[in-house]
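Asker: If it helps, the file is called target_1.cif and holds mmCIF, C-alpha atoms (C1' of nucleotides):
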data_work
#
loop_
_atom_site.label_atom_id
_atom_site.label_comp_id
_atom_site.auth_asym_id
_atom_site.auth_seq_id
_atom_site.Cartn_x
_atom_site.Cartn_y
_atom_site.Cartn_z
CA MET H 808 9.45 53.45 20.87
CA GLY H 809 5.94 54.64 21.62
CA GLU H 810 4.66 54.27 18.08
CA LYS H 811 6.30 50.91 17.75
CA ARG H 812 4.60 49.69 20.89
CA LEU H 813 1.21 50.94 19.79
CA ASP H 814 1.64 49.24 16.48
CA ARG H 815 2.60 46.09 18.30
CA ALA H 816 -0.58 46.39 20.32
CA ARG H 817 -2.56 46.85 17.12
CA ALA H 818 -1.02 43.68 15.75
CA VAL H 819 -2.16 41.82 18.83
CA PHE H 820 -5.68 43.04 18.26
CA VAL H 821 -5.64 42.23 14.56
CA ASP H 822 -4.46 38.70 15.26
CA GLY H 823 -6.90 38.15 18.06
CA MET H 824 -9.88 39.39 16.13
CA GLY H 825 -8.73 37.46 13.10
CA THR H 826 -8.69 34.12 14.87
CA ALA H 827 -11.93 34.92 16.67
CA SER H 828 -13.59 35.72 13.36
CA ALA H 829 -12.20 32.65 11.68
CA THR H 830 -14.11 30.42 14.07
CA SER H 831 -17.19 32.59 14.27
CA GLY H 832 -18.98 31.09 11.32
CA VAL H 833 -19.96 34.58 10.29
CA LEU H 834 -16.81 36.41 9.28
CA SER H 835 -13.67 35.17 7.61
CA GLN H 836 -10.34 35.62 9.31
CA LEU H 837 -9.41 38.39 6.91
CA GLN H 838 -12.67 40.19 7.56
CA GLY H 839 -11.91 40.09 11.25
CA ARG H 840 -8.49 41.53 10.61
CA ILE H 841 -9.85 44.28 8.41
CA PHE H 842 -12.33 45.25 11.06
CA ALA H 843 -9.64 45.22 13.72
CA ILE H 844 -7.40 47.54 11.76
CA LEU H 845 -10.20 49.99 11.16
CA TYR H 846 -11.52 49.82 14.68
CA LEU H 847 -8.33 51.06 16.27
CA GLU H 848 -7.91 53.85 13.78
CA ASP H 849 -9.49 57.19 14.49
CA HIS H 850 -9.80 58.12 10.84
CA PRO H 851 -11.14 56.25 7.81
CA LEU H 852 -8.67 54.22 5.78
CA SER H 853 -8.52 53.68 2.04
CA LEU H 854 -8.44 50.28 0.39
CA ASP H 855 -4.75 50.64 -0.30
CA GLU H 856 -3.95 51.55 3.26
CA ILE H 857 -5.79 48.50 4.53
CA ALA H 858 -4.14 46.29 1.93
CA GLU H 859 -0.77 47.64 2.95
CA ALA H 860 -1.44 47.20 6.64
CA LEU H 861 -2.57 43.61 6.22
CA GLN H 862 -0.22 42.67 3.42
CA GLN H 863 -3.01 41.58 1.11
CA SER H 864 -3.90 42.40 -2.43
CA LYS H 865 -6.26 45.25 -2.98
CA SER H 866 -8.74 43.02 -4.77
CA ASN H 867 -8.86 40.68 -1.83
CA ILE H 868 -9.55 43.52 0.55
CA SER H 869 -12.16 44.86 -1.83
CA THR H 870 -14.13 41.64 -1.94
CA ASN H 871 -13.83 40.94 1.76
CA ILE H 872 -14.75 44.41 2.89
CA ARG H 873 -18.00 44.16 1.02
CA GLY H 874 -19.20 41.56 3.49
CA LEU H 875 -18.25 43.77 6.39
CA VAL H 876 -20.26 46.62 4.93
CA GLU H 877 -23.23 44.31 4.43
CA TRP H 878 -23.13 43.30 8.07
CA HIS H 879 -22.92 46.99 8.97
CA LEU H 880 -19.63 46.39 10.73
CA VAL H 881 -17.89 48.86 8.47
CA ARG H 882 -19.11 52.01 6.81
CA ARG H 883 -17.93 53.40 3.54
CA VAL H 884 -17.35 57.10 3.97
CA ALA H 885 -16.31 59.90 1.68
CA VAL H 886 -13.12 61.72 2.54
CA ARG H 887 -12.89 65.16 1.06
CA GLY H 888 -9.84 65.77 -0.99
CA SER H 889 -9.55 62.14 -1.99
CA ARG H 890 -11.24 60.18 -4.73
CA LYS H 891 -10.66 56.93 -2.94
CA ASP H 892 -13.28 55.06 -0.99
CA HIS H 893 -12.56 55.17 2.68
CA TYR H 894 -13.77 52.82 5.34
CA GLN H 895 -14.49 53.22 8.99
CA ALA H 896 -15.40 50.69 11.67
CA ALA H 897 -18.94 50.96 12.91
CA ASP H 898 -19.55 51.21 16.60
CA ASP H 899 -23.18 50.20 16.86
CA PHE H 900 -22.58 46.60 17.75
CA TRP H 901 -26.15 46.00 18.73
CA ARG H 902 -27.25 46.82 15.21
CA VAL H 903 -24.68 44.41 13.86
CA MET H 904 -25.90 41.69 16.15
CA GLN H 905 -29.45 42.20 15.05
CA GLU H 906 -28.34 41.95 11.47
CA ILE H 907 -26.48 38.71 12.10
CA MET H 908 -29.32 37.20 14.06
CA GLU H 909 -31.78 38.05 11.37
CA ARG H 910 -29.89 37.25 8.25
CA ARG H 911 -27.76 34.42 9.51
CA PHE H 912 -29.21 32.55 12.43
CA ARG H 913 -32.86 32.94 11.54
CA TRP H 914 -32.26 32.26 7.92
CA ASN H 915 -30.43 29.11 8.93
CA ILE H 916 -33.12 27.92 11.29
CA ARG H 917 -35.71 28.49 8.63
CA GLN H 918 -33.82 26.15 6.38
CA VAL H 919 -34.39 23.46 8.98
CA ILE H 920 -38.07 24.28 9.17
CA ALA H 921 -38.33 24.17 5.41
CA ALA H 922 -36.60 20.81 5.32
CA CYS H 923 -39.06 19.41 7.82
CA ASP H 924 -42.00 20.73 5.87
CA GLU H 925 -40.80 19.46 2.53
CA THR H 926 -39.95 16.09 3.96
CA GLY H 927 -43.28 15.83 5.70
CA ARG H 928 -45.07 16.51 2.45
CA ALA H 929 -42.94 14.01 0.57
CA ALA H 930 -43.51 11.33 3.18
CA GLU H 931 -47.24 11.88 3.34
CA SER H 932 -48.03 9.83 0.30
CA ALA H 933 -45.69 6.95 1.05
CA GLY H 934 -48.47 4.46 0.48
CA ALA H 935 -47.16 0.94 0.94
CA THR H 936 -45.04 1.81 3.95
CA SER H 937 -46.35 0.58 7.26
CA ARG H 938 -48.56 3.09 8.96
CA ALA H 939 -46.45 2.97 12.12
CA GLU H 940 -43.36 3.96 10.21
CA ARG H 941 -45.05 6.90 8.57
CA VAL H 942 -46.40 8.07 11.89
CA PHE H 943 -42.95 7.79 13.42
CA VAL H 944 -41.36 9.89 10.73
CA GLN H 945 -44.05 12.55 10.92
CA ARG H 946 -43.69 12.75 14.68
CA ARG H 947 -39.98 13.24 14.51
CA LEU H 948 -40.30 15.89 11.83
CA GLN H 949 -42.91 17.62 13.90
CA ALA H 950 -40.71 17.61 16.99
CA LEU H 951 -37.76 19.13 15.19
CA ARG H 952 -39.93 21.62 13.42
CA ALA H 953 -41.53 22.75 16.65
CA PHE H 954 -38.15 23.28 18.26
CA ALA H 955 -36.81 25.18 15.28
CA ALA H 956 -39.92 27.34 15.15
CA ALA H 957 -39.53 28.18 18.82
CA VAL H 958 -35.91 29.12 18.33
CA ASP H 959 -36.89 31.25 15.36
CA ALA H 960 -39.49 33.07 17.40
CA GLY H 961 -36.99 33.49 20.21
CA ILE H 962 -34.40 35.06 17.98
CA GLU H 963 -36.97 37.34 16.46
CA ALA H 964 -38.07 38.52 19.88
CA PHE H 965 -34.50 39.02 20.96
CA ALA H 966 -33.67 41.02 17.86
CA ARG H 967 -36.67 43.21 18.52
CA GLY H 968 -35.36 43.95 21.97
CA GLU H 969 -38.08 42.00 23.70
CA THR H 970 -37.67 39.87 26.76
CA ILE H 971 -37.25 36.17 26.26
CA ALA H 972 -38.00 33.25 28.47
CA PRO H 973 -35.98 30.32 27.17
CA THR H 974 -38.21 28.03 29.18
CA SER H 975 -40.48 27.88 26.20
CA LEU H 976 -37.70 26.10 24.38
CA GLN H 977 -37.00 23.62 27.11
CA LYS H 978 -40.55 22.41 27.01
CA ILE H 979 -40.37 21.57 23.35
CA GLN H 980 -38.72 18.25 23.41
CA VAL H 981 -40.10 14.85 22.67
CA LEU H 982 -43.71 14.55 21.71
CA PRO H 983 -46.01 12.43 23.86
CA GLY H 984 -45.73 8.71 23.31
CA GLU H 985 -42.56 9.10 21.35
CA SER H 986 -39.74 8.52 23.75
CA GLY H 987 -40.59 4.92 24.44
CA LYS H 988 -40.55 3.89 20.82
CA SER H 989 -37.09 4.92 19.87
CA ARG H 990 -35.12 2.88 22.34
CA MET E 179 -43.94 2.21 -4.19
CA GLY E 180 -44.46 3.09 -0.55
CA GLU E 181 -40.93 2.29 0.53
CA LYS E 182 -39.51 4.15 -2.43
CA ARG E 183 -41.51 7.21 -1.56
CA LEU E 184 -40.43 7.15 2.06
CA ASP E 185 -36.82 6.81 1.03
CA ARG E 186 -37.31 9.69 -1.32
CA ALA E 187 -38.66 11.71 1.54
CA ARG E 188 -35.67 10.73 3.64
CA ALA E 189 -33.39 11.93 0.88
CA VAL E 190 -35.14 15.28 0.93
CA PHE E 191 -34.52 15.55 4.64
CA VAL E 192 -30.89 14.48 4.37
CA ASP E 193 -30.24 17.06 1.69
CA GLY E 194 -32.07 19.81 3.50
CA MET E 195 -30.35 19.21 6.81
CA GLY E 196 -27.04 18.87 4.99
CA THR E 197 -27.23 22.26 3.38
CA ALA E 198 -28.57 23.82 6.55
CA SER E 199 -25.67 22.40 8.53
CA ALA E 200 -23.14 23.44 5.94
CA THR E 201 -23.99 27.09 6.53
CA SER E 202 -24.51 26.77 10.26
CA GLY E 203 -20.94 27.37 11.26
CA VAL E 204 -21.31 24.58 13.77
CA LEU E 205 -21.76 21.35 11.84
CA SER E 206 -20.32 20.23 8.55
CA GLN E 207 -22.61 19.25 5.73
CA LEU E 208 -21.81 15.60 6.26
CA GLN E 209 -22.54 15.85 9.95
CA GLY E 210 -25.93 17.29 9.11
CA ARG E 211 -26.58 14.42 6.73
CA ILE E 212 -25.54 11.83 9.28
CA PHE E 213 -27.84 13.33 11.84
CA ALA E 214 -30.68 13.43 9.33
CA ILE E 215 -30.32 9.75 8.47
CA LEU E 216 -30.30 8.75 12.11
CA TYR E 217 -33.13 11.05 13.06
CA LEU E 218 -35.63 9.46 10.72
CA GLU E 219 -34.67 5.94 11.72
CA ASP E 220 -36.42 4.33 14.63
CA HIS E 221 -33.51 2.07 15.47
CA PRO E 222 -29.79 2.70 15.92
CA LEU E 223 -27.57 2.34 12.86
CA SER E 224 -24.05 1.01 12.62
CA LEU E 225 -21.16 2.89 11.06
CA ASP E 226 -21.36 0.75 7.95
CA GLU E 227 -25.05 1.29 7.54
CA ILE E 228 -24.58 5.04 7.74
CA ALA E 229 -21.64 4.91 5.36
CA GLU E 230 -23.70 2.90 2.93
CA ALA E 231 -26.70 5.20 3.20
CA LEU E 232 -24.62 8.31 2.59
CA GLN E 233 -22.15 6.77 0.15
CA GLN E 234 -19.16 7.76 2.20
CA SER E 235 -16.16 5.88 3.51
CA LYS E 236 -16.46 4.39 6.95
CA SER E 237 -13.48 6.37 8.19
CA ASN E 238 -15.10 9.59 7.13
CA ILE E 239 -18.28 8.72 8.95
CA SER E 240 -16.26 7.71 11.98
CA THR E 241 -14.45 11.02 12.26
CA ASN E 242 -17.51 13.12 11.55
CA ILE E 243 -19.81 11.31 13.90
CA ARG E 244 -17.44 12.00 16.75
CA GLY E 245 -18.33 15.66 16.55
CA LEU E 246 -22.01 14.86 16.60
CA VAL E 247 -21.56 12.81 19.74
CA GLU E 248 -19.62 15.64 21.35
CA TRP E 249 -22.45 18.05 20.65
CA HIS E 250 -24.84 15.49 22.11
CA LEU E 251 -26.72 15.36 18.87
CA VAL E 252 -26.06 11.66 18.51
CA ARG E 253 -25.69 8.94 21.10
CA ARG E 254 -23.57 5.84 20.81
CA VAL E 255 -25.62 2.90 21.96
CA ALA E 256 -24.94 -0.79 22.37
CA VAL E 257 -27.05 -3.15 20.33
CA ARG E 258 -27.20 -6.65 21.74
CA GLY E 259 -26.19 -9.36 19.39
CA SER E 260 -23.80 -7.08 17.53
CA ARG E 261 -20.27 -6.05 18.29
CA LYS E 262 -20.58 -2.94 16.18
CA ASP E 263 -21.07 0.51 17.59
CA HIS E 264 -24.50 1.82 16.87
CA TYR E 265 -25.68 5.38 16.78
CA GLN E 266 -28.95 7.05 17.47
CA ALA E 267 -30.12 10.61 17.03
CA ALA E 268 -30.70 12.47 20.26
CA ASP E 269 -33.99 14.22 20.77
CA ASP E 270 -33.14 16.69 23.52
CA PHE E 271 -32.53 19.67 21.31
CA TRP E 272 -32.52 22.08 24.17
CA ARG E 273 -29.54 20.29 25.66
CA VAL E 274 -27.78 20.47 22.32
CA MET E 275 -28.46 24.16 22.08
CA GLN E 276 -27.04 24.77 25.52
CA GLU E 277 -23.98 22.87 24.54
CA ILE E 278 -23.50 24.90 21.38
CA MET E 279 -24.10 28.18 23.13
CA GLU E 280 -21.62 27.34 25.83
CA ARG E 281 -18.84 25.73 23.91
CA ARG E 282 -19.17 27.63 20.67
CA PHE E 283 -20.69 31.06 20.99
CA ARG E 284 -19.46 31.87 24.45
CA TRP E 285 -16.05 30.49 23.76
CA ASN E 286 -15.94 32.66 20.65
CA ILE E 287 -17.05 35.80 22.40
CA ARG E 288 -14.46 35.20 25.08
CA GLN E 289 -11.81 35.24 22.40
CA VAL E 290 -12.89 38.75 21.59
CA ILE E 291 -12.76 39.76 25.23
CA ALA E 292 -9.31 38.24 25.55
CA ALA E 293 -8.13 40.10 22.47
CA CYS E 294 -9.34 43.38 23.94
CA ASP E 295 -7.62 42.70 27.24
CA GLU E 296 -4.34 41.66 25.71
CA THR E 297 -4.35 44.60 23.37
CA GLY E 298 -5.17 46.99 26.16
CA ARG E 299 -2.25 45.74 28.17
CA ALA E 300 0.08 45.93 25.20
CA ALA E 301 -1.01 49.48 24.40
CA GLU E 302 -0.70 50.68 27.96
CA SER E 303 3.01 51.19 27.83
CA ALA E 304 3.12 52.86 24.43
CA GLY E 305 5.15 55.70 25.81
CA ALA E 306 6.03 58.11 23.05
CA THR E 307 2.61 57.95 21.41
CA SER E 308 0.41 60.95 21.91
CA ARG E 309 -1.77 60.68 24.93
CA ALA E 310 -4.90 61.35 22.91
CA GLU E 311 -4.16 58.41 20.67
CA ARG E 312 -3.65 56.05 23.56
CA VAL E 313 -6.86 57.19 25.18
CA PHE E 314 -8.72 56.70 21.94
CA VAL E 315 -7.49 53.13 21.56
CA GLN E 316 -8.28 52.26 25.16
CA ARG E 317 -11.78 53.68 24.80
CA ARG E 318 -12.50 51.65 21.73
CA LEU E 319 -11.18 48.49 23.30
CA GLN E 320 -13.28 49.17 26.35
CA ALA E 321 -16.42 49.67 24.28
CA LEU E 322 -15.99 46.42 22.39
CA ARG E 323 -15.08 44.57 25.53
CA ALA E 324 -18.14 45.82 27.34
CA PHE E 325 -20.41 44.73 24.53
CA ALA E 326 -18.79 41.32 24.31
CA ALA E 327 -19.03 40.85 28.05
CA ALA E 328 -22.72 41.73 27.95
CA VAL E 329 -23.32 39.23 25.18
CA ASP E 330 -21.41 36.63 27.11
CA ALA E 331 -23.51 37.21 30.18
CA GLY E 332 -26.64 37.13 28.05
CA ILE E 333 -25.78 33.79 26.54
CA GLU E 334 -24.95 32.40 29.93
CA ALA E 335 -28.28 33.48 31.31
CA PHE E 336 -30.09 32.08 28.32
CA ALA E 337 -28.32 28.75 28.61
CA ARG E 338 -29.30 28.58 32.25
CA GLY E 339 -32.90 29.05 31.30
CA GLU E 340 -33.15 32.50 32.77
CA THR E 341 -35.05 35.39 31.29
CA ILE E 342 -33.12 37.90 29.26
CA ALA E 343 -33.71 41.51 28.52
CA PRO E 344 -31.68 42.38 25.42
CA THR E 345 -32.09 46.00 26.31
CA SER E 346 -28.96 45.71 28.38
CA LEU E 347 -27.10 45.13 25.16
CA GLN E 348 -28.62 48.02 23.33
CA LYS E 349 -27.36 50.42 25.92
CA ILE E 350 -23.80 49.32 25.51
CA GLN E 351 -22.71 51.28 22.54
CA VAL E 352 -20.34 54.12 22.26
CA LEU E 353 -18.76 55.48 25.38
CA PRO E 354 -19.42 59.09 26.37
CA GLY E 355 -17.43 61.63 24.44
CA GLU E 356 -16.41 59.09 21.87
CA SER E 357 -18.81 59.40 19.00
CA GLY E 358 -17.77 62.92 18.03
CA LYS E 359 -14.13 62.10 17.75
CA SER E 360 -14.24 59.39 15.20
CA ARG E 361 -15.88 61.27 12.42
"C1'" DC Y 446 -10.95 64.01 -25.54
"C1'" DA Y 447 -6.94 61.49 -23.57
"C1'" DA Y 448 -4.78 59.95 -19.61
"C1'" DA Y 449 -4.77 58.67 -14.97
"C1'" DA Y 450 -6.85 56.97 -10.82
"C1'" DC Y 451 -9.93 54.10 -8.99
"C1'" DG Y 452 -12.78 49.86 -7.70
"C1'" DT Y 453 -14.34 45.48 -9.41
"C1'" DT Y 454 -14.26 41.12 -11.91
"C1'" DC Y 455 -12.07 37.02 -13.30
"C1'" DA Y 456 -8.84 33.20 -14.47
"C1'" DG Y 457 -5.66 30.76 -12.50
"C1'" DA Y 458 -2.24 29.97 -8.48
"C1'" DA Y 459 -1.80 29.01 -3.69
"C1'" DT Y 460 -3.68 27.09 0.23
"C1'" DA Y 461 -6.82 24.65 3.18
"C1'" DT Y 462 -10.23 21.27 3.83
"C1'" DT Y 463 -12.48 16.96 3.18
"C1'" DC Y 464 -12.38 12.38 1.84
"C1'" DT Y 465 -10.54 7.70 0.87
"C1'" DA Y 466 -8.13 3.47 1.37
"C1'" DA Y 467 -4.63 1.25 3.61
"C1'" DA Y 468 -2.20 0.49 7.87
"C1'" DC Y 469 -2.84 -0.04 12.51
"C1'" DA Y 470 -4.71 -1.19 17.09
"C1'" DT Y 471 -7.86 -3.62 20.03
"C1'" DA Y 472 -10.96 -6.86 21.49
"C1'" DG Y 473 -13.62 -11.10 20.87
"C1'" DA Y 474 -14.24 -15.89 18.97
"C1'" DG Y 475 -12.71 -20.24 18.06
"C1'" DC L 82 -2.84 -18.27 20.67
"C1'" DT L 83 -4.46 -17.17 16.14
"C1'" DC L 84 -7.73 -15.36 13.26
"C1'" DT L 85 -11.47 -12.25 12.49
"C1'" DA L 86 -14.27 -8.27 13.15
"C1'" DT L 87 -14.24 -3.86 14.28
"C1'" DG L 88 -13.03 1.39 15.06
"C1'" DT L 89 -9.31 4.77 14.49
"C1'" DT L 90 -5.31 7.00 12.55
"C1'" DT L 91 -2.83 8.63 8.73
"C1'" DA L 92 -0.73 9.73 4.18
"C1'" DG L 93 -2.00 11.22 0.18
"C1'" DA L 94 -5.84 12.22 -3.39
"C1'" DA L 95 -9.78 14.96 -4.43
"C1'" DT L 96 -12.12 19.03 -3.80
"C1'" DA L 97 -13.20 23.61 -2.24
"C1'" DT L 98 -11.73 28.03 -0.75
"C1'" DT L 99 -8.94 32.06 -0.69
"C1'" DC L 100 -5.84 35.00 -2.80
"C1'" DT L 101 -3.35 37.46 -6.55
"C1'" DG L 102 -2.37 40.10 -10.65
"C1'" DA L 103 -4.10 41.34 -14.88
"C1'" DA L 104 -7.96 42.96 -17.50
"C1'" DC L 105 -11.83 45.78 -17.49
"C1'" DG L 106 -15.09 49.60 -16.82
"C1'" DT L 107 -16.01 53.96 -14.82
"C1'" DT L 108 -15.12 58.44 -13.16
"C1'" DT L 109 -12.21 62.35 -12.60
"C1'" DT L 110 -8.54 65.37 -14.14
"C1'" DG L 111 -5.96 68.06 -17.12
#
As structure tokens, how would this structure be written, given the file I've shared?

Answerer:
Amino acid sequence: MGEKRLDRARAVFVDGMGTASATSGVLSQLQGRIFAILYLEDHPLSLDEIAEALQQSKSNISTNIRGLVEWHLVRRVAVRGSRKDHYQAADDFWRVMQEIMERRFRWNIRQVIAACDETGRAAESAGATSRAERVFVQRRLQALRAFAAAVDAGIEAFARGETIAPTSLQKIQVLPGESGKSR
Amino acid sequence: MGEKRLDRARAVFVDGMGTASATSGVLSQLQGRIFAILYLEDHPLSLDEIAEALQQSKSNISTNIRGLVEWHLVRRVAVRGSRKDHYQAADDFWRVMQEIMERRFRWNIRQVIAACDETGRAAESAGATSRAERVFVQRRLQALRAFAAAVDAGIEAFARGETIAPTSLQKIQVLPGESGKSR
DNA sequence: CAAAACGTTCAGAATATTCTAAACATAGAG
DNA sequence: CTCTATGTTTAGAATATTCTGAACGTTTTG
């Protein structure tokens, strides 16, 4: 009964991590489940073992595990005596977080900055439009850009292990003279 | 040509924010586009105007805009002389960020904590299993839980506007005596 | 070298998500 | 009270994503 119970516990973990991952915006549900299986195992597992444990095709595991390795959540390790690739859950969560902050959140926030910049450039030469309208658009773009840039800097600092004062973000809100116009 | 150019610029912004939102894990692409349209407009728009601008059905706009309002990214405002609902982009990005941190990230991280707790409880009574195995599982769960709890606390502090030292996260890694075992 | 054991790629099946138009509900106008 | 204008819900269509099994390429084994 002991083994059964432990396996039952593992299933709880796999399910929990799966649903958590599914809503994370970073990992798919299956990736969460793969990680969960590996994390509670004290030895590396092969692709087939994972596929068996999760009742998924080997190809599906193969493609999904790649993402986990890229996020440094899982390591591919060699197991002597076996030709198969084996995988092991990583335990340096801080490293993983840095990776996610850098490659996901910052990358995303930079998209916003880029959009503001591009749009600003495109709007610059909108000749016949009323001056007031152009000014309005540029102000808004500037406000969003400033906020995004502050967030970007904040994430960078955080990822570097530096101290952050979120107050700098709170200040960046509406530009002077703007709030009256929009309502 | 001026108007055309400005509209072209708006399209750039709508597209940019759309793709950024699509990969954000928080907003859908359409939600990003709706926000973009509203953000560059100096007066509130009705559902139909938004639907027209984005070439989407009114019902689709209706359902998607609800999420934007919930995140406080868009406000529903009354426009005198019209019975229609009108919507306006919010400009308090810091508030929005707090909202997202609280209701999305923290909620997500709590799922992980809950999974660890549930699993720990379920594994507790795994009688016949070897003691070493049970200890191993509990240690791992504890390590993940500790990290998640630290992240949770960090986000909370950040959302409150307090200063954060990410160092506290870096310390939480592998528990003593653990790292040797797993490899 | 041939055969087997792998991991990966890919076309299509299975599934989930997003979108639309119609039905519905509610409130205001006449 | 009836008719109209409006936002929401919903069933099904359109689309996108995830998953599988077969095909493929590579490496190891005999």

Asker: For this file, the PyMOL selection byres ((chain Y) within 10 of (chain H)) selects which residues, as a PDB file with C-alpha atoms (C1' of nucleotides), in the frame of the given file?

Answerer:
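Listing of part_35.pdb after writing:
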ATOM      1  C1'  DA Y 450      -6.850  56.970 -10.820  1.00  0.00           C
ATOM      2  C1'  DC Y 451      -9.930  54.100  -8.990  1.00  0.00           C
ATOM      3  C1'  DG Y 452     -12.780  49.860  -7.700  1.00  0.00           C
ATOM      4  C1'  DT Y 453     -14.340  45.480  -9.410  1.00  0.00           C
ATOM      5  C1'  DT Y 454     -14.260  41.120 -11.910  1.00  0.00           C
TER       6       DT Y 454
END

Asker: Could you please determine the separation between atom CA of Asn238 of chain E and atom C1' of DT465 of chain Y in Å, to one decimal place?

Answerer: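 These two atoms are separated by 8.0 Å.
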
Asker: Kindly provide, as a VMD selection string, the residues of chain L having any atom no farther than 12 Å from an atom of chain H, counting all atoms listed in the file.

Answerer: chain L and resid 98 to 103 108 to 110

Asker: Name all residues at most 8 Å from Phe842 of chain H (count only C-alpha atoms (C1' of nucleotides); drop same-chain ones fewer than 6 positions away) and give them as a PyMOL selection string.

Answerer: chain H and resi 875+880-881+896

Asker: Just how far from atom CA of Ser831 of chain H is atom CA of Arg910 of chain H, in Å to one decimal?

Answerer: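 Between these atoms lies a distance of 14.8 Å.
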
Asker: Pick out the closest residue to chain E from this set: H:Glu909, H:Glu877, H:Glu859, H:Glu925. Count all atoms listed in the file.

Answerer: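 Smallest separation from chain E among the options: H:Glu925.
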
Asker: So which residues touch Glu340 of chain E within 7 Å, counting all atoms listed in the file, skipping near sequence neighbours fewer than 2 positions away, as a PyMOL selection string?

Answerer: (chain H and resi 972-973) or (chain E and resi 335-336+338+342)

Asker: Please report the interatomic distance between atom CA of Glu219 of chain E and atom CA of Val944 of chain H in Å with one decimal.

Answerer: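 Atom CA of Val944 of chain H lies 7.8 Å from atom CA of Glu219 of chain E.
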
Asker: Residue by residue, what does the PyMOL selection byres ((chain E and resi 273-276) around 9) grab here? Present the result as a list in words.

Answerer: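 Checking the PyMOL selection byres ((chain E and resi 273-276) around 9) against this file, the residues are Gln977 of chain H; Trp249, His250, Leu251, Ala268, Asp269, Asp270, Phe271, Trp272, Glu277, Ile278, Met279, Glu280, Arg281, Phe336, Ala337 and Arg338 of chain E.
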
Asker: Determine, counting all atoms listed in the file, which protein, DNA and RNA residues have an atom within 10 Å of an atom of Ala860 of chain H; residues of the same chain fewer than 5 positions away are not included. Present the result as a list in words.

Answerer: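 With the cut-off at 10 Å, the set is Ala818, Arg840, Ile841, Ile844, Leu854 and Asp855 of chain H.
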